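J.: Pasting a structure below so you can have a look.
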Amino acid sequence: MSQTINQLRRNIPSVDKLLEVPAVLNLTAQTSRPFVLSLIRKVLSRFRQEIANGVEKGLHNLDVSEIVLRQIQLEYQQWTEPTLKKVINATGVLLHTNLGRAPLSRIAIERITEVTAGYSNLEFDLEQGTRGKRDVFADRWLREIVGCERALVVNNNAAALLLILNTLAENGEVLVSRGELIEIGDSFRIPDIMRKSGGILREVGTTNKTRLSDYADAITERTRLILRVHPSNFRIVGFTSRPALEELLELCNEKSLPFLEDLGSGCLIDLKPFGIDDEPDPKTSLKAGVPLVCFSGDKLLGGPQAGIIAGRTRWIQPIRRNPLFRALRVDKLTLAVLESTLISYLKQREADEVPVARMIHESPHAIEERARSILSQLPMNSLSLETKIIDGLSRIGGGSTPQHGIPTRIISLASSHMSLNTMESRLRKGTPPILARLDNDRLLLDLRTVFPEDDVHILAGLKRMLDVST
């Protein structure tokens, strides 16, 4: 029997009464009375509005207090449980931008705890007993690993590009091939970044063909920089050409112009054994004579979100003095992770210690063994579940090597009593969430991007998906 709005309103418990309910007192003990009081007021205000809007239909006298208490509990969970959470990436995309790109190494995580749990020498020279600079930490390792004279770290590669262009080319022209005017994540485009830097874009060549003469003919007294951008997230194939790196360097030296190479992913892993030979690395570019490079820290490097600038002291010094550098600099967490990651490369232990490198090197045979172990523990006879282990390709992602994949073995699932969307949704909404992909009427799980210790969660998630007791 439905009730009038006035009757429902009279049945709404008071704030004071709610504060004395045992369940609410428990919430207060876990947090504070003012916090819980604010939640109660939000819930009661929303509940009164729902009644006014006609949502009261179907409510009974005894329902009101119970519904309000349930809403208070839900409100409490929504405000006290973090929404940024761990997910299990079974998509096979190693550097999944939507999933935080490169996962961090255990060593790096331990370093974060050690460095940030108390105080650190972030800007203090322990040897001299005087104020120091935070630049020195990453600079030391990068000089040794990539062979540069000096290095700086800012908060991402777009920031690195912005800082360099603002320092070296403000109010002057920057020559860029039309085929390299790329769009990076979230609709940010190279021309937009250049515009904000104060540099003036001067396009040269065409989309598919740019010659050395196009650069030479475009140089004027207003030219401040030649920029070469690695088209990491796409490829133009067919009738294409662009000058060799050596040719561009010779032209810049002849005209006394700085040359910047935006390498994007910052790959320090040898990808040739996996059939990938077109992903540039900073060490090779710097050795070839490139005076200035920038690249990301959280892509193929396998470290934290960061933009790394490396090159000759002549160009790094004015960049370091730019007031924008302070606005774009990184904190102690980023530096702790980056240091740990670079040390793994220096020790040549990246394949064991850096997750992205380890995932790239894991063999299809090892991945298949893990897949078989998981499937062997699923009782499938009565579940109408069809399982296969099939060949597939893992993708590096993060705008890297778009034409290439790494051979892998994939768990392929289909069910006669459950739709693929239902299967995917149940995995995604579990704890922890498991992210798979759908392809050709099958649900696919690529364990290359799953930490081996998380295989137990894959098994538990599949059991929950099938309503099997775990």
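If you're wondering about the labels, chains in the structure tokens are A, B, ... by order shown, residues count from 1 in each chain, ligands from 1 in order shown.
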I'd like the contact shell of Leu420 in chain A - 8 Å cut-off, only C-alpha atoms, skipping same-chain residues fewer than 3 positions apart - returned as a PyMOL selection string.
T.: chain A and resi 414-415+423-424+438+441-443
J.: Identify, on the basis of only C-alpha atoms, every residue whose closest approach to Lys196 in chain A does not exceed 12 Å; exclude the query and any residue fewer than 6 positions from it along the same chain; express the result as a list in words.
T.: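 Listed by chain and then number, they are Ala158, Ala159, Leu161, Leu162, Leu163, Ile164, Leu165, Asn166, Ala169, Glu170, Asn171, Phe188, Arg189 and Ile190 of chain A.
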J.: When you look at Ile269 in chain A with a cut-off of 12 Å (counting only C-alpha atoms), what residues show up, excluding the ones that are within fewer than 2 positions of it in the same chain? I need them as JSON, numbers by chain.
T.: {"A": [145, 146, 265, 266, 267, 271, 272, 273, 274, 276, 277, 279, 280, 281, 282, 283, 284, 299, 300, 301, 302, 344, 345, 348, 349, 350, 351, 354, 356, 357, 358, 359, 360, 361]}
J.: From the options A:Leu447, A:Leu126, A:Ala244, A:Leu459, which residue's atoms come nearest to Pro432 in chain A, counting only C-alpha atoms?
T.: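 When distances to Pro432 in chain A are compared using only C-alpha atoms, the smallest one comes from A:Leu459.
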J.: Skip Ala151 in chain A itself and residues of its chain fewer than 2 positions away, then list as a tab-separated table (two decimals) with N, CA, C and O atoms, in the first residue's frame all residues within 9 Å of it, counting only C-alpha atoms.
T.:
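New file part.tsv:
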chain	number	residue	atom	x	y	z
A	135	ASP	N	68.33	17.47	-9.50
A	135	ASP	CA	68.69	17.02	-10.84
A	135	ASP	C	69.73	15.89	-10.83
A	135	ASP	O	69.77	15.07	-11.76
A	136	VAL	N	70.57	15.85	-9.81
A	136	VAL	CA	71.76	15.00	-9.87
A	136	VAL	C	71.42	13.51	-9.84
A	136	VAL	O	72.19	12.70	-10.34
A	138	ALA	N	68.87	11.39	-11.24
A	138	ALA	CA	68.69	10.72	-12.53
A	138	ALA	C	69.83	11.04	-13.49
A	138	ALA	O	70.23	10.19	-14.29
A	139	ASP	N	70.37	12.26	-13.41
A	139	ASP	CA	71.44	12.68	-14.31
A	139	ASP	C	72.62	11.71	-14.27
A	139	ASP	O	73.17	11.32	-15.30
A	140	ARG	N	72.99	11.29	-13.08
A	140	ARG	CA	74.15	10.41	-12.92
A	140	ARG	C	73.98	9.11	-13.70
A	140	ARG	O	74.87	8.68	-14.43
A	142	LEU	N	71.67	8.38	-16.10
A	142	LEU	CA	71.40	8.56	-17.53
A	142	LEU	C	72.68	8.84	-18.31
A	142	LEU	O	72.85	8.37	-19.43
A	143	ARG	N	73.58	9.63	-17.73
A	143	ARG	CA	74.85	9.89	-18.41
A	143	ARG	C	75.60	8.59	-18.67
A	143	ARG	O	76.19	8.40	-19.73
A	148	CYS	N	75.04	10.49	-22.56
A	148	CYS	CA	74.85	11.92	-22.75
A	148	CYS	C	75.78	12.70	-21.83
A	148	CYS	O	76.33	12.16	-20.87
A	149	GLU	N	75.94	13.99	-22.11
A	149	GLU	CA	76.73	14.86	-21.24
A	149	GLU	C	75.94	15.31	-20.02
A	149	GLU	O	76.49	15.50	-18.93
A	153	VAL	N	64.99	15.75	-15.88
A	153	VAL	CA	63.74	15.00	-15.82
A	153	VAL	C	62.59	15.96	-15.47
A	153	VAL	O	62.69	16.73	-14.52
A	308	ILE	N	62.16	12.69	-20.10
A	308	ILE	CA	63.61	12.73	-19.94
A	308	ILE	C	64.24	13.52	-21.09
A	308	ILE	O	63.96	13.25	-22.25
A	309	ILE	N	65.05	14.49	-20.74
A	309	ILE	CA	65.79	15.30	-21.71
A	309	ILE	C	67.26	14.96	-21.54
A	309	ILE	O	67.81	15.08	-20.44
A	310	ALA	N	67.89	14.55	-22.62
A	310	ALA	CA	69.31	14.17	-22.55
A	310	ALA	C	70.05	14.74	-23.74
A	310	ALA	O	69.50	14.87	-24.83
A	311	GLY	N	71.31	15.09	-23.51
A	311	GLY	CA	72.09	15.63	-24.62
A	311	GLY	C	73.31	16.38	-24.17
A	311	GLY	O	73.89	16.08	-23.11
A	312	ARG	N	73.69	17.36	-24.95
A	312	ARG	CA	74.90	18.12	-24.69
A	312	ARG	C	74.65	19.23	-23.68
A	312	ARG	O	73.59	19.87	-23.69
A	313	THR	N	75.64	19.46	-22.85
A	313	THR	CA	75.53	20.47	-21.80
A	313	THR	C	75.20	21.84	-22.38
A	313	THR	O	74.44	22.61	-21.77
A	316	ILE	N	71.46	21.75	-22.66
A	316	ILE	CA	70.76	21.41	-21.43
A	316	ILE	C	70.80	22.57	-20.43
A	316	ILE	O	69.81	22.84	-19.73
J.: Would you please give, as a ChimeraX atom specification, all residues of range 138-238 of chain A that DSSP assigns to alpha helix (DSSP H) based on the backbone?
T.: /A:138-146,157-169,190-197,212-218
J.: Please give the complete set of residues from range 269-376 of chain A that DSSP, run on the backbone, assigns to strand (DSSP E), formatted as a PyMOL selection string.
T.: chain A and resi 292-296+307-311
J.: Could you save those same residues with C-alpha atoms as a PDB file, in the first residue's frame?
T.:
ATOM      1  CA  LEU A 292      69.336  16.722 -27.800  1.00  0.00           C
ATOM      2  CA  VAL A 293      66.743  13.963 -27.330  1.00  0.00           C
ATOM      3  CA  CYS A 294      63.615  13.591 -25.221  1.00  0.00           C
ATOM      4  CA  PHE A 295      61.575  10.505 -24.380  1.00  0.00           C
ATOM      5  CA  SER A 296      59.085   9.031 -21.905  1.00  0.00           C
ATOM      6  CA  GLY A 307      59.869  13.176 -19.522  1.00  0.00           C
ATOM      7  CA  ILE A 308      63.614  12.730 -19.936  1.00  0.00           C
ATOM      8  CA  ILE A 309      65.788  15.300 -21.708  1.00  0.00           C
ATOM      9  CA  ALA A 310      69.307  14.167 -22.547  1.00  0.00           C
ATOM     10  CA  GLY A 311      72.087  15.626 -24.622  1.00  0.00           C
TER      11      GLY A 311
END
J.: Could you check the closest approach to Leu338 in chain A for each of A:Trp141, A:Phe325, A:Tyr215, A:Phe451 and tell me which residue wins, using only C-alpha atoms?
T.: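 Checking each candidate against Leu338 in chain A, we get A:Trp141 as the closest.
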J.: Report, in Å to a single decimal, how far apart CA of Ile374 in chain A and CA of Asp391 in chain A are.
T.: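 So the two atoms, CA of Asp391 in chain A and CA of Ile374 in chain A, lie 17.0 Å apart.
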J.: CA of Glu144 in chain A and CA of Leu251 in chain A, how far apart in Å?
T.: 28.2 Å
